[in-house]
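Text of upload-v8.txt (compact mmCIF, C-alpha atoms) as supplied:
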```
# COMPACT_ATOMS: atom_id res chain seq x y z
CA MET A 197 86.61 99.03 102.20
CA SER A 198 88.40 97.00 99.54
CA SER A 199 90.97 94.60 100.98
CA TYR A 200 93.21 94.87 97.89
CA LYS A 201 96.35 96.90 98.44
CA THR A 202 98.55 97.85 95.50
CA LYS A 203 102.25 98.57 95.46
CA LYS A 204 103.01 102.06 96.76
CA THR A 205 103.46 104.64 94.02
CA LEU A 206 105.35 107.92 93.83
CA GLY A 207 102.65 109.81 91.94
CA ASN A 208 99.04 110.36 92.99
CA THR A 209 97.13 107.34 91.66
CA GLU A 210 94.07 107.72 93.90
CA TRP A 211 91.99 109.50 91.26
CA PHE A 212 93.32 107.15 88.58
CA GLU A 213 92.17 104.01 90.38
CA HIS A 214 88.75 105.58 90.86
CA ASP A 215 88.14 106.87 87.34
CA ARG A 216 89.10 103.62 85.53
CA PHE A 217 88.48 104.75 81.94
CA GLY A 218 90.45 107.05 79.66
CA MET A 219 90.99 108.06 76.04
CA PHE A 220 94.30 107.50 74.23
CA ILE A 221 94.82 109.73 71.17
CA HIS A 222 97.42 108.77 68.55
CA TRP A 223 97.77 111.64 66.11
CA GLY A 224 100.65 112.84 63.99
CA LEU A 225 101.97 113.05 60.44
CA TYR A 226 101.29 109.31 60.04
CA ALA A 227 97.57 110.15 59.77
CA MET A 228 98.34 111.34 56.23
CA PRO A 229 99.62 108.08 54.71
CA ALA A 230 96.84 106.54 56.83
CA ARG A 231 98.30 103.06 56.89
CA ASN A 232 99.77 102.63 60.38
CA GLU A 233 101.60 104.92 62.80
CA TRP A 234 104.76 102.82 62.26
CA ILE A 235 104.66 103.45 58.52
CA LYS A 236 108.08 105.12 58.43
CA HIS A 237 109.56 101.96 59.96
CA ILE A 238 107.42 99.48 57.98
CA GLU A 239 108.20 100.98 54.57
CA CYS A 240 111.68 102.29 55.49
CA ILE A 241 110.67 105.75 54.32
CA THR A 242 113.47 108.31 54.01
CA ASP A 243 113.30 111.70 55.73
CA GLU A 244 113.08 113.37 52.33
CA LYS A 245 110.00 111.40 51.33
CA TYR A 246 108.41 111.70 54.78
CA ASP A 247 108.86 115.47 54.62
CA LYS A 248 105.98 115.57 52.12
CA TYR A 249 103.65 114.89 55.04
CA PHE A 250 105.25 117.71 57.01
CA LYS A 251 104.86 120.04 54.04
CA TYR A 252 101.11 119.40 53.67
CA PHE A 253 99.95 118.65 57.22
CA ASN A 254 96.85 120.79 57.66
CA PRO A 255 94.22 119.51 60.15
CA ASP A 256 91.74 122.23 59.25
CA LEU A 257 88.82 120.35 60.87
CA TYR A 258 90.54 119.81 64.20
CA ASP A 259 88.20 120.77 67.01
CA ALA A 260 89.63 119.78 70.38
CA LYS A 261 86.39 120.80 72.10
CA GLU A 262 84.51 118.21 70.03
CA TRP A 263 87.03 115.51 70.96
CA ALA A 264 86.70 116.41 74.63
CA ARG A 265 82.91 116.39 74.45
CA ARG A 266 82.88 112.94 72.89
CA ALA A 267 85.35 111.60 75.44
CA LYS A 268 83.23 112.87 78.29
CA GLU A 269 80.02 111.49 76.75
CA ALA A 270 81.74 108.09 76.41
CA GLY A 271 82.36 108.08 80.15
CA MET A 272 86.09 108.65 79.86
CA LYS A 273 87.57 110.59 82.76
CA TYR A 274 91.06 111.34 81.45
CA ALA A 275 92.98 111.46 78.18
CA VAL A 276 96.53 110.94 76.92
CA LEU A 277 97.63 112.64 73.67
CA THR A 278 100.71 111.84 71.60
CA THR A 279 102.80 115.01 71.83
CA LYS A 280 105.55 113.29 69.82
CA HIS A 281 105.46 109.78 68.37
CA HIS A 282 108.35 107.68 67.01
CA GLU A 283 108.42 109.72 63.80
CA GLY A 284 109.79 112.64 65.88
CA PHE A 285 107.21 115.20 64.75
CA CYS A 286 106.14 117.48 67.61
CA MET A 287 102.48 118.42 68.04
CA PHE A 288 103.45 121.36 70.25
CA ASP A 289 105.38 124.60 69.85
CA THR A 290 108.82 123.55 71.05
CA LYS A 291 111.90 125.71 70.78
CA TYR A 292 114.26 122.74 70.41
CA THR A 293 113.36 121.68 66.86
CA ASP A 294 111.78 123.09 63.72
CA TYR A 295 110.05 119.73 63.17
CA LYS A 296 106.81 120.85 64.77
CA CYS A 297 103.18 121.60 63.96
CA THR A 298 103.57 125.37 64.08
CA ASN A 299 105.87 125.14 61.04
CA THR A 300 103.29 123.23 58.97
CA PRO A 301 100.13 124.62 57.35
CA ALA A 302 98.45 123.81 60.70
CA GLY A 303 100.26 126.86 62.03
CA ARG A 304 99.21 126.45 65.65
CA ASP A 305 99.99 124.60 68.87
CA LEU A 306 97.77 121.50 68.72
CA VAL A 307 98.70 120.30 72.21
CA LYS A 308 97.67 123.62 73.72
CA GLU A 309 94.19 123.32 72.21
CA TYR A 310 93.87 119.75 73.48
CA VAL A 311 94.85 120.69 77.03
CA GLU A 312 92.46 123.63 77.20
CA ALA A 313 89.51 121.71 75.74
CA PHE A 314 89.84 118.57 77.85
CA ARG A 315 90.51 120.51 81.02
CA ALA A 316 87.40 122.61 80.36
CA GLU A 317 85.33 119.41 80.29
CA GLY A 318 86.70 118.41 83.69
CA LEU A 319 88.89 115.63 82.31
CA LYS A 320 92.36 114.85 83.59
CA VAL A 321 95.10 115.57 81.04
CA GLY A 322 97.99 113.33 80.08
CA PHE A 323 100.88 113.51 77.62
CA TYR A 324 102.41 110.66 75.61
CA TYR A 325 106.01 111.29 74.61
CA SER A 326 108.02 108.84 72.53
CA LEU A 327 111.50 107.95 73.72
CA ILE A 328 112.14 106.93 70.12
CA ASP A 329 112.79 109.55 67.46
CA TRP A 330 113.49 108.54 63.86
CA HIS A 331 113.96 112.14 62.77
CA HIS A 332 116.47 113.42 65.30
CA PRO A 333 120.05 113.45 63.91
CA ASP A 334 121.56 112.10 67.15
CA PHE A 335 119.17 109.18 67.62
CA THR A 336 121.27 106.15 66.72
CA ILE A 337 120.13 103.67 64.08
CA ASP A 338 119.01 100.37 65.57
CA ALA A 339 116.94 97.31 64.62
CA ILE A 340 113.65 99.26 64.41
CA HIS A 341 115.00 102.43 62.78
CA PRO A 342 113.76 103.18 59.23
CA ARG A 343 117.40 103.33 58.03
CA ARG A 344 118.30 99.90 59.43
CA TYR A 345 118.66 98.28 55.98
CA ASP A 346 120.79 101.02 54.43
CA LYS A 347 124.14 99.71 53.25
CA ASP A 348 125.86 102.60 55.01
CA ALA A 349 123.78 102.39 58.21
CA PHE A 350 126.89 101.80 60.32
CA GLU A 351 128.61 104.82 58.80
CA GLN A 352 125.50 106.94 59.33
CA ASN A 353 125.63 106.09 63.01
CA GLN A 354 129.13 107.47 63.39
CA GLY A 355 128.95 110.88 64.96
CA ARG A 356 125.43 110.37 66.34
CA ASP A 357 125.39 111.10 70.06
CA MET A 358 122.61 109.68 72.27
CA LYS A 359 123.74 111.98 75.09
CA LYS A 360 122.72 114.95 73.00
CA TYR A 361 119.44 113.26 72.19
CA THR A 362 118.60 112.51 75.82
CA GLU A 363 119.27 116.16 76.68
CA TYR A 364 116.87 117.09 73.87
CA MET A 365 114.24 114.82 75.39
CA ARG A 366 114.62 116.32 78.85
CA ASN A 367 114.38 119.82 77.41
CA GLN A 368 111.18 119.01 75.56
CA VAL A 369 109.61 117.21 78.54
CA THR A 370 110.45 120.27 80.63
CA GLU A 371 108.56 122.41 78.11
CA LEU A 372 105.55 120.09 78.19
CA LEU A 373 105.39 120.06 81.97
CA THR A 374 106.01 123.80 82.35
CA ASN A 375 104.00 125.47 79.60
CA TYR A 376 100.58 123.80 79.91
CA GLY A 377 99.70 123.88 83.61
CA LYS A 378 99.07 120.79 85.72
CA ILE A 379 99.56 117.54 83.82
CA ASP A 380 98.21 114.38 85.41
CA ILE A 381 99.96 111.59 83.45
CA MET A 382 103.30 111.32 81.66
CA TRP A 383 103.19 108.34 79.30
CA PHE A 384 106.63 107.48 77.87
CA ASP A 385 106.99 104.90 75.08
CA PHE A 386 109.02 102.64 74.90
CA SER A 387 112.12 100.64 75.89
CA TYR A 388 113.40 97.57 74.05
CA PRO A 389 116.65 96.54 75.79
CA ASN A 390 116.60 92.82 75.00
CA LYS A 391 119.39 91.54 72.76
CA ASP A 392 118.44 90.32 69.29
CA PRO A 393 120.89 87.75 67.87
CA ASN A 394 119.85 88.69 64.33
CA TYR A 395 121.52 92.10 64.63
CA PRO A 396 125.07 93.25 65.39
CA ASP A 397 125.88 94.87 68.73
CA TRP A 398 125.71 98.40 67.37
CA MET A 399 122.09 97.83 66.25
CA GLN A 400 120.76 96.43 69.52
CA GLY A 401 117.78 97.99 71.26
CA LYS A 402 117.64 100.71 73.86
CA GLY A 403 116.90 100.72 77.59
CA LYS A 404 117.20 102.91 80.65
CA ASP A 405 120.91 103.63 80.22
CA ASP A 406 120.41 104.77 76.63
CA TRP A 407 117.52 107.06 77.62
CA GLU A 408 119.25 108.20 80.82
CA SER A 409 115.90 107.33 82.34
CA GLU A 410 116.78 108.26 85.91
CA LYS A 411 117.58 111.83 84.85
CA LEU A 412 114.43 111.96 82.74
CA ILE A 413 112.19 110.78 85.57
CA GLU A 414 113.89 113.15 88.02
CA THR A 415 113.17 116.01 85.62
CA VAL A 416 109.48 115.08 85.48
CA ARG A 417 109.02 114.69 89.23
CA ALA A 418 110.92 117.88 90.02
CA ILE A 419 108.44 119.89 87.96
CA GLN A 420 105.21 118.02 88.79
CA PRO A 421 105.63 115.79 91.88
CA ASP A 422 102.09 114.33 91.86
CA ILE A 423 102.17 113.25 88.22
CA ILE A 424 101.65 109.60 87.29
CA ILE A 425 104.40 108.04 85.13
CA ASP A 426 104.19 104.74 83.24
CA ASN A 427 106.84 102.01 83.39
CA ARG A 428 108.14 102.13 79.83
CA CYS A 429 111.40 103.96 80.52
CA ASP A 430 112.76 100.57 81.63
CA LEU A 431 112.31 101.82 85.19
CA GLU A 432 109.60 100.89 87.67
CA GLN A 433 107.26 103.82 88.21
CA ASP A 434 103.54 104.24 88.98
CA ILE A 435 101.58 102.23 86.43
CA TRP A 436 102.12 99.02 84.45
CA THR A 437 100.80 99.18 80.87
CA PRO A 438 99.89 95.89 79.14
CA GLU A 439 99.21 96.63 75.47
CA GLN A 440 96.81 95.02 73.01
CA TYR A 441 96.00 91.99 75.13
CA GLN A 442 93.59 91.28 77.96
CA PRO A 443 95.16 90.16 81.25
CA LEU A 444 93.13 87.45 82.98
CA THR A 445 94.24 88.28 86.51
CA TRP A 446 95.31 91.41 88.39
CA VAL A 447 98.77 92.39 87.12
CA LYS A 448 101.46 91.62 89.68
CA HIS A 449 105.03 92.75 90.23
CA ALA A 450 107.26 90.17 88.58
CA GLU A 451 109.66 89.92 91.53
CA THR A 452 107.67 90.70 94.67
CA GLY A 453 104.26 89.39 93.58
CA GLU A 454 102.62 92.61 94.79
CA LEU A 455 99.47 93.83 93.08
CA VAL A 456 100.32 96.87 90.97
CA THR A 457 98.39 99.82 89.59
CA TRP A 458 97.83 98.98 85.94
CA GLU A 459 96.19 100.15 82.77
CA ALA A 460 95.44 98.17 79.61
CA CYS A 461 95.89 100.24 76.45
CA GLN A 462 93.76 99.05 73.56
CA THR A 463 92.52 100.15 70.14
CA PHE A 464 89.11 100.24 68.48
CA SER A 465 90.73 98.51 65.52
CA GLY A 466 94.14 96.98 64.91
CA SER A 467 96.00 100.26 64.49
CA TRP A 468 96.82 103.16 66.82
CA GLY A 469 97.06 105.92 64.24
CA TYR A 470 94.36 106.57 61.64
CA HIS A 471 94.31 103.65 59.21
CA ARG A 472 91.94 104.25 56.33
CA ASP A 473 91.76 100.63 55.11
CA GLU A 474 92.05 98.72 58.39
CA SER A 475 88.97 96.56 58.95
CA THR A 476 89.32 94.71 62.26
CA TRP A 477 87.09 97.09 64.20
CA LYS A 478 85.76 95.63 67.44
CA SER A 479 82.07 94.86 67.94
CA PRO A 480 80.00 96.77 70.52
CA LYS A 481 79.93 93.67 72.72
CA MET A 482 83.70 93.31 72.64
CA LEU A 483 84.21 96.99 73.46
CA ILE A 484 82.03 96.78 76.56
CA ASP A 485 83.45 93.39 77.58
CA MET A 486 86.99 94.81 77.45
CA LEU A 487 86.11 97.60 79.87
CA ILE A 488 84.35 95.23 82.26
CA ASN A 489 87.05 92.56 81.99
CA THR A 490 89.69 95.13 82.89
CA VAL A 491 87.97 96.71 85.90
CA CYS A 492 86.88 93.33 87.28
CA ILE A 493 90.55 92.50 87.87
CA GLY A 494 91.55 95.88 89.26
CA GLY A 495 92.73 97.69 86.14
CA ASN A 496 92.05 100.78 84.03
CA LEU A 497 91.23 100.84 80.33
CA LEU A 498 92.86 103.41 78.04
CA MET A 499 91.00 103.13 74.73
CA ASN A 500 92.55 104.69 71.66
CA VAL A 501 91.24 106.89 68.87
CA GLY A 502 93.28 107.81 65.79
CA PRO A 503 92.05 111.10 64.32
CA THR A 504 92.23 111.71 60.58
CA ALA A 505 94.80 113.97 58.94
CA ARG A 506 92.15 116.70 58.77
CA GLY A 507 91.70 116.45 62.50
CA TYR A 508 88.33 114.83 63.05
CA LEU A 509 87.28 111.41 64.35
CA ASP A 510 85.94 109.28 61.52
CA LYS A 511 82.54 107.57 61.66
CA ARG A 512 83.96 104.24 62.83
CA ALA A 513 85.59 105.89 65.82
CA GLU A 514 82.49 107.95 66.54
CA ASN A 515 80.35 104.81 66.45
CA ALA A 516 82.68 103.04 68.89
CA LEU A 517 82.60 106.00 71.26
CA SER A 518 78.82 106.01 71.03
CA VAL A 519 78.76 102.40 72.21
CA TYR A 520 80.55 103.45 75.38
CA ALA A 521 78.41 106.57 75.74
CA GLU A 522 75.17 104.58 75.63
CA TRP A 523 76.35 101.90 78.06
CA MET A 524 78.17 104.18 80.51
CA LYS A 525 75.23 106.58 80.70
CA TYR A 526 73.33 103.94 82.65
CA ASN A 527 75.98 101.56 83.98
CA SER A 528 78.98 103.67 84.99
CA ARG A 529 78.34 103.01 88.69
CA SER A 530 79.72 99.53 88.12
CA ILE A 531 82.98 101.04 86.79
CA TYR A 532 83.82 104.27 88.65
CA GLY A 533 85.15 103.70 92.14
CA CYS A 534 84.98 99.94 91.62
CA THR A 535 87.55 97.18 91.64
CA MET A 536 87.88 93.41 91.76
CA ALA A 537 85.24 91.81 94.00
CA GLU A 538 86.34 90.40 97.33
CA PRO A 539 87.51 86.75 97.16
CA GLU A 540 84.39 85.53 98.98
CA PHE A 541 82.37 86.36 95.86
CA VAL A 542 82.97 83.90 93.02
CA ALA A 543 81.47 84.95 89.69
CA PRO A 544 78.80 82.58 88.35
CA ARG A 545 79.41 81.20 84.85
CA GLY A 546 79.09 83.85 82.16
CA THR A 547 79.40 86.81 84.52
CA ARG A 548 82.03 89.30 85.68
CA LEU A 549 82.01 90.99 89.08
CA THR A 550 83.07 94.42 90.27
CA GLN A 551 82.58 95.82 93.76
CA SER A 552 82.49 99.36 95.09
CA GLU A 553 85.55 100.41 97.07
CA ASP A 554 83.48 100.75 100.23
CA GLY A 555 82.31 97.15 99.77
CA LYS A 556 78.61 98.01 99.96
CA ARG A 557 77.63 97.27 96.36
CA LEU A 558 78.35 94.23 94.21
CA TYR A 559 77.89 94.43 90.43
CA ILE A 560 77.10 91.33 88.40
CA HIS A 561 77.79 91.90 84.70
CA LEU A 562 75.80 89.46 82.58
CA ILE A 563 78.33 88.79 79.81
CA GLU A 564 76.24 85.78 78.83
CA TYR A 565 72.57 86.41 79.54
CA PRO A 566 71.15 83.41 81.45
CA TYR A 567 67.70 81.95 81.01
CA ALA A 568 65.20 82.52 83.83
CA PHE A 569 67.58 82.40 86.79
CA LEU A 570 71.09 83.39 87.78
CA GLU A 571 72.32 81.21 90.61
CA PHE A 572 74.99 82.79 92.80
CA GLN A 573 76.65 80.50 95.31
CA GLY A 574 78.04 82.11 98.49
CA LEU A 575 75.77 85.15 98.44
CA GLY A 576 73.16 83.75 100.82
CA GLY A 577 72.29 86.03 103.74
CA LYS A 578 74.25 88.94 102.27
CA VAL A 579 71.74 90.58 99.88
CA ASP A 580 69.62 93.51 101.04
CA TYR A 581 68.22 94.51 97.63
CA ALA A 582 68.90 93.86 93.93
CA GLN A 583 68.04 95.76 90.76
CA PHE A 584 69.01 96.15 87.14
CA LEU A 585 71.46 99.04 87.09
CA HIS A 586 70.36 100.48 83.75
CA ASP A 587 66.78 101.26 84.83
CA GLY A 588 66.63 100.65 88.58
CA SER A 589 64.01 97.92 88.21
CA GLU A 590 63.80 95.38 91.01
CA ILE A 591 65.29 91.91 90.58
CA LEU A 592 63.43 89.34 92.67
CA TYR A 593 65.47 86.58 94.26
CA THR A 594 65.15 83.60 96.54
CA GLU A 595 67.66 82.22 98.98
CA GLY A 596 68.52 78.58 99.50
CA GLY A 597 67.25 77.37 96.13
CA VAL A 598 65.45 78.12 92.87
CA ASP A 599 61.77 78.95 93.29
CA HIS A 600 60.33 76.93 90.40
CA PHE A 601 57.56 74.32 90.30
CA SER A 602 59.76 71.74 88.56
CA GLU A 603 62.71 72.14 90.89
CA ALA A 604 63.19 69.49 93.55
CA ARG A 605 64.19 72.01 96.15
CA THR A 606 67.10 71.19 98.39
CA GLN A 607 68.11 73.81 100.92
CA ASN A 608 71.45 75.48 100.16
CA ASP A 609 72.04 78.29 102.63
CA GLY A 610 74.74 79.92 100.51
CA LEU A 611 72.72 80.13 97.31
CA VAL A 612 70.89 83.17 95.94
CA ALA A 613 68.81 82.69 92.79
CA PHE A 614 68.02 85.91 90.91
CA LYS A 615 64.88 85.68 88.75
CA LEU A 616 65.51 87.29 85.37
CA PRO A 617 63.13 88.34 82.59
CA PRO A 618 63.07 85.87 79.69
CA VAL A 619 64.05 88.56 77.18
CA LYS A 620 67.43 90.21 77.66
CA PRO A 621 67.09 93.97 78.29
CA ASP A 622 68.13 96.20 75.40
CA VAL A 623 71.56 96.75 76.90
CA VAL A 624 74.81 95.37 75.43
CA VAL A 625 75.75 93.93 78.82
CA PRO A 626 73.07 94.19 81.54
CA VAL A 627 74.27 94.69 85.11
CA ILE A 628 72.66 93.58 88.35
CA GLU A 629 73.37 95.97 91.21
CA VAL A 630 73.34 94.16 94.54
CA PHE A 631 73.16 96.17 97.75
CA LEU A 632 74.86 94.14 100.44
CA LYS A 633 73.82 93.93 104.06
```
As structure tokens, the full file:
Amino acid sequence: MSSYKTKKTLGNTEWFEHDRFGMFIHWGLYAMPARNEWIKHIECITDEKYDKYFKYFNPDLYDAKEWARRAKEAGMKYAVLTTKHHEGFCMFDTKYTDYKCTNTPAGRDLVKEYVEAFRAEGLKVGFYYSLIDWHHPDFTIDAIHPRRYDKDAFEQNQGRDMKKYTEYMRNQVTELLTNYGKIDIMWFDFSYPNKDPNYPDWMQGKGKDDWESEKLIETVRAIQPDIIIDNRCDLEQDIWTPEQYQPLTWVKHAETGELVTWEACQTFSGSWGYHRDESTWKSPKMLIDMLINTVCIGGNLLMNVGPTARGYLDKRAENALSVYAEWMKYNSRSIYGCTMAEPEFVAPRGTRLTQSEDGKRLYIHLIEYPYAFLEFQGLGGKVDYAQFLHDGSEILYTEGGVDHFSEARTQNDGLVAFKLPPVKPDVVVPVIEVFLK
């Protein structure tokens, strides 16, 4: 069994730490301008102008079953959908606002279709819900609000009541966790309590007191006790969520140093929502490396898609998902139920290691394909059998040294030298599966 013990959680993270790979879905009105999900903030768009998107939002090609099928094919085991992003538009049929999908030409509950489709494919279901709301009349203007540069911003804030807004949030979260059956993850986003000297006190950011986070979390856990909650309410919960960067070591609790349950959230390109003209799409190699690099240090990867305004995944997103589908079809054993390898195993140069939770299998991911031999120090006497994972073909090896006519052999009891074919297999990242004695 793995010797790594993570900080105790309140929700059930057992399945989460086994499944390792999920789909994030950022979808809302911002798919229509198609130039970043923060577009209302970036361009300081007024409610009146933004209402054009509400008026014409019609995802006539939305097929949640197709999304779910592609997620499953890609090897993803769970999904998290934006039920409401910072723009405040609700993708579900809520009774607490008219600013919802059922009042647009879409005319239907988009969250309901997502839940039913993903659940039917056997995937766990999660909800993203933004703590921020640039549409709600009681959400106070701050340094990231679209109205922050208005000359009368201070006057606009008078009469706004965050207490009313936090009640609104709790009411909507109650709907989400009551009306759609069992929900596995609640993904709140996000707190920004640090003081910014460039802004006056009344425009400072918001944290747990502003959100009344304790009440919000209590509401969630009262309805669904086993649910997993992220840590973005400015309160410690079940999972830590590094965003758009790759941790190099297992994420630890800042104060106690304990290993925590964590999930890196990443994008196929540089944007979360559909961005028509964005061009920094990741290569197949980078996509696979990111998954391996995350699991090899004990984390999960939540990889994002941003559907179009008409409700389908564009070709670039489909191609990225296909990269995962092809690789995971043959190599998922090195991901599911795996974690960081035990400290006794030190990854050779150009490789990443994962190990099964029961400790019986070690996976060597060949990030850089070596020529002729892979030398693994410290593995001597521990290998029972080795094979390429993608096709189950045997990998021959010698112990104590490299078996080559030009090698002046010196006995090294800890060394195992795997003999590799001169041509790299047609796999983005080949994996050697080692069965340990």
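Taking CA of Ala349 (chain A) and CA of Asp294 (chain A) as endpoints, the distance between them is 24.6 Å.
Each of A:Ala267, A:Ala460, A:Asp346, A:Tyr364 was compared to Gln440 (chain A) using only C-alpha atoms, and A:Ala460 turns out to be the nearest.
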| request: Name the residues in contact with Val321 (chain A) at a cut-off of 10 Å, using only C-alpha atoms, excluding same-chain residues fewer than 2 positions from it; report them as a list in words. | output: Gly218, Met219, Lys273, Tyr274, Ala275, Val276, Leu277, Tyr310, Val311, Glu312, Ala313, Phe314, Arg315, Gly318, Leu319, Phe323, Tyr376, Gly377, Lys378, Ile379, Asp380, Ile381 and Met382 of chain A
Atoms to include: C-alpha atoms. Write the selected residues as a tab-separated table (two decimals), keeping the file's coordinate frame.
```
chain	number	residue	atom	x	y	z
A	218	GLY	CA	90.45	107.05	79.66
A	219	MET	CA	90.99	108.06	76.04
A	273	LYS	CA	87.57	110.59	82.76
A	274	TYR	CA	91.06	111.34	81.45
A	275	ALA	CA	92.98	111.46	78.18
A	276	VAL	CA	96.53	110.94	76.92
A	277	LEU	CA	97.63	112.64	73.67
A	310	TYR	CA	93.87	119.75	73.48
A	311	VAL	CA	94.85	120.69	77.03
A	312	GLU	CA	92.46	123.63	77.20
A	313	ALA	CA	89.51	121.71	75.74
A	314	PHE	CA	89.84	118.57	77.85
A	315	ARG	CA	90.51	120.51	81.02
A	318	GLY	CA	86.70	118.41	83.69
A	319	LEU	CA	88.89	115.63	82.31
A	323	PHE	CA	100.88	113.51	77.62
A	376	TYR	CA	100.58	123.80	79.91
A	377	GLY	CA	99.70	123.88	83.61
A	378	LYS	CA	99.07	120.79	85.72
A	379	ILE	CA	99.56	117.54	83.82
A	380	ASP	CA	98.21	114.38	85.41
A	381	ILE	CA	99.96	111.59	83.45
A	382	MET	CA	103.30	111.32	81.66
```
Identify, on the basis of all atoms listed in the file, every residue whose closest approach to Val579 (chain A) does not exceed 12 Å; exclude the query and any residue fewer than 3 positions from it along the same chain; express the result as a VMD selection string. chain A and resid 556 to 559 572 574 to 576 582 to 583 591 to 595 610 to 614 628 to 633
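Coordinates place CA of Asn500 (chain A) at a distance of 10.3 Å from CA of Trp223 (chain A).
At a cut-off of 10 Å from (93.5, 98.1, 68.5), the residue set is Glu439, Gln440, Tyr441, Cys461, Gln462, Thr463, Phe464, Ser465, Gly466, Ser467, Trp468, Gly469, Thr476, Trp477, Lys478, Met499, Asn500 and Val501 of chain A (counting all atoms listed in the file).
For the pair CA of Ala450 (chain A) and CA of Thr278 (chain A), the separation is 28.3 Å.
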Please, which residues in region 378-402 of chain A fall within 12 Å of region 427-433 of chain A when counting all atoms listed in the file, and what is the closest atom pair and distance in Å to one decimal for each, ordered by chain then residue number, as a tab-separated table?
```
residue	atom	partner	partner_atom	distance
A:Ile381	CA	A:Gln433	CA	11.7
A:Met382	CA	A:Asn427	CA	10.1
A:Trp383	CA	A:Arg428	CA	8.0
A:Phe384	CA	A:Arg428	CA	5.9
A:Asp385	CA	A:Arg428	CA	5.6
A:Phe386	CA	A:Arg428	CA	5.0
A:Ser387	CA	A:Cys429	CA	5.7
A:Tyr388	CA	A:Asp430	CA	8.2
A:Pro389	CA	A:Asp430	CA	8.1
A:Asn390	CA	A:Asp430	CA	10.9
A:Gly401	CA	A:Asp430	CA	11.8
A:Lys402	CA	A:Asp430	CA	9.2
```
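When all atoms listed in the file are used to compute distances to Ile425 (chain A), the closest of the residues A:Thr550, A:Thr293, A:Ala543, A:Phe212 turns out to be A:Phe212.
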- Shell around Arg266 (chain A) at 10 Å using all atoms listed in the file, local window under 3 positions removed, as a VMD selection string: chain A and resid 219 260 to 263 269 to 272 509 514 517 to 518 521
Atom completion result for region 318-328 of chain A (N, CA, C and O atoms) as an mmCIF file, in the frame of the given file:
```
data_model
loop_
_atom_site.group_PDB
_atom_site.id
_atom_site.type_symbol
_atom_site.label_atom_id
_atom_site.label_comp_id
_atom_site.auth_asym_id
_atom_site.auth_seq_id
_atom_site.Cartn_x
_atom_site.Cartn_y
_atom_site.Cartn_z
ATOM 1 N N GLY A 318 86.487 119.053 82.405
ATOM 2 C CA GLY A 318 86.700 118.410 83.690
ATOM 3 C C GLY A 318 87.466 117.107 83.620
ATOM 4 O O GLY A 318 87.469 116.323 84.584
ATOM 5 N N LEU A 319 88.127 116.864 82.480
ATOM 6 C CA LEU A 319 88.890 115.630 82.310
ATOM 7 C C LEU A 319 90.339 115.837 82.716
ATOM 8 O O LEU A 319 90.910 116.914 82.499
ATOM 9 N N LYS A 320 90.936 114.810 83.283
ATOM 10 C CA LYS A 320 92.360 114.850 83.590
ATOM 11 C C LYS A 320 93.137 114.794 82.276
ATOM 12 O O LYS A 320 92.695 114.194 81.281
ATOM 13 N N VAL A 321 94.330 115.401 82.269
ATOM 14 C CA VAL A 321 95.100 115.570 81.040
ATOM 15 C C VAL A 321 96.440 114.843 81.139
ATOM 16 O O VAL A 321 97.184 115.019 82.110
ATOM 17 N N GLY A 322 96.725 114.044 80.130
ATOM 18 C CA GLY A 322 97.990 113.330 80.080
ATOM 19 C C GLY A 322 98.726 113.558 78.768
ATOM 20 O O GLY A 322 98.099 113.864 77.739
ATOM 21 N N PHE A 323 100.045 113.394 78.812
ATOM 22 C CA PHE A 323 100.880 113.510 77.620
ATOM 23 C C PHE A 323 101.602 112.194 77.354
ATOM 24 O O PHE A 323 102.198 111.609 78.264
ATOM 25 N N TYR A 324 101.549 111.739 76.118
ATOM 26 C CA TYR A 324 102.410 110.660 75.610
ATOM 27 C C TYR A 324 103.620 111.333 74.976
ATOM 28 O O TYR A 324 103.482 112.308 74.242
ATOM 29 N N TYR A 325 104.800 110.777 75.248
ATOM 30 C CA TYR A 325 106.010 111.290 74.610
ATOM 31 C C TYR A 325 106.884 110.097 74.250
ATOM 32 O O TYR A 325 107.249 109.292 75.109
ATOM 33 N N SER A 326 107.224 109.976 72.979
ATOM 34 C CA SER A 326 108.020 108.840 72.530
ATOM 35 C C SER A 326 109.488 109.019 72.888
ATOM 36 O O SER A 326 110.090 110.065 72.619
ATOM 37 N N LEU A 327 110.056 107.981 73.471
ATOM 38 C CA LEU A 327 111.500 107.950 73.720
ATOM 39 C C LEU A 327 112.257 107.779 72.406
ATOM 40 O O LEU A 327 113.418 108.167 72.292
ATOM 41 N N ILE A 328 111.570 107.206 71.437
ATOM 42 C CA ILE A 328 112.140 106.930 70.120
ATOM 43 C C ILE A 328 111.953 108.155 69.231
ATOM 44 O O ILE A 328 110.942 108.854 69.333
#
```
